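**Q** Please read through the structure below; I'll follow up with questions.
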Amino acid sequence: MEIFKPFDIDYTYDPAWFEPKSLVIRRTLEQIYDIFIEPDKAMTVLKKGNPVIVDVYMAPIPEEAGHLMVFMTIIYPGKVGDEYYMTKGHIHDSDTAPEVYITLKGEGKLLMQTSNNDCFTGEMKKGKINYIPSGWAHRAVNTGKEVLIFLGTYPAESKRDYSFIGKGKKNFLKIVVEKDGLPEVIDNPVSVR
Ligand SMILES: [Fe+2]
């Protein structure tokens, strides 16, 4: 492997700022409306506009073995029906790709699950670091009234696999909904085991 030159990343979270970055992944409601259990309610929102749900800023690090990717994710506040805005969620295509999230601002839940249908919900808030072992799919959910911002890192060569998400597929086995003003983790009524 070529010797890579060290560099520093500058970030702030109020407002969200992360430089240098080589890629911004932006997910709007139009792109991911069908990850929510009531996509028809998303369609009602889309008639009035197309809100941004998630932005991910990726550092300029080669997506190759021997590197750690570093990124910052912003999940905007909001809901589709009772279900909070969230990332699409994925699993890494490698048995050797754990990940770490460090929350900078806001609060949320980190839904995790294995292929054996074991589930775990991590708490995301300032002062928490979430460790996601290899083999655990993961989705972050913004349960607060402000943005949820976290930093993350994972082995840079591993790719994100979204193939279990979609109509008629396994999806995430748990979802997070607002009930009586508070977040509640419940079974996903549309997951197919
Ligand atoms: Fe990941």
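Following the order of the structure tokens, first chain is A, next is B, and so on, with residues numbered from 1 inside each chain and ligands from 1 in the order they appear.
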Could you pull out the strand (DSSP E or B) residues of range 4-169 of chain A from DSSP and send them as an MDAnalysis selection string?
**A** chainID A and resid 10:13 16:19 23:28 52:58 68:75 79:80 83:84 86 90:92 99:105 107:113 119:125 129:132 137:142 148:155 160:161
**Q** Report as an MDAnalysis selection string: the residues of range 5-187 of chain A with a DSSP assignment of helix (DSSP H, G or I), based on the backbone of this structure.
**A** chainID A and resid 29:35 39:46
**Q** Please list as a PyMOL selection string every residue within 8 Å of Tyr33 in chain A, counting only C-alpha atoms and excluding residues in the same chain fewer than 4 positions away.
**A** chain A and resi 29+39+42-43
**Q** Those residues with C-alpha atoms, as a short mmCIF file (atom, residue, chain, number, x, y, z; two decimals), in the first residue's frame please?
**A**
data_model
loop_
_atom_site.label_atom_id
_atom_site.label_comp_id
_atom_site.auth_asym_id
_atom_site.auth_seq_id
_atom_site.Cartn_x
_atom_site.Cartn_y
_atom_site.Cartn_z
CA LEU A 29 -37.85 11.69 1.31
CA PRO A 39 -45.28 5.18 2.56
CA ALA A 42 -44.81 10.06 2.89
CA MET A 43 -46.59 10.65 -0.41
#
**Q** Taking only C-alpha atoms into account, name the residue in A:Ser94, A:Thr153, A:Thr73, A:Thr114 that is nearest to Ile61 in chain A.
**A** A:Thr153
**Q** So what do you get for CA of Val56 in chain A versus CA of Lys128 in chain A, distance-wise?
**A** 19.5 Å
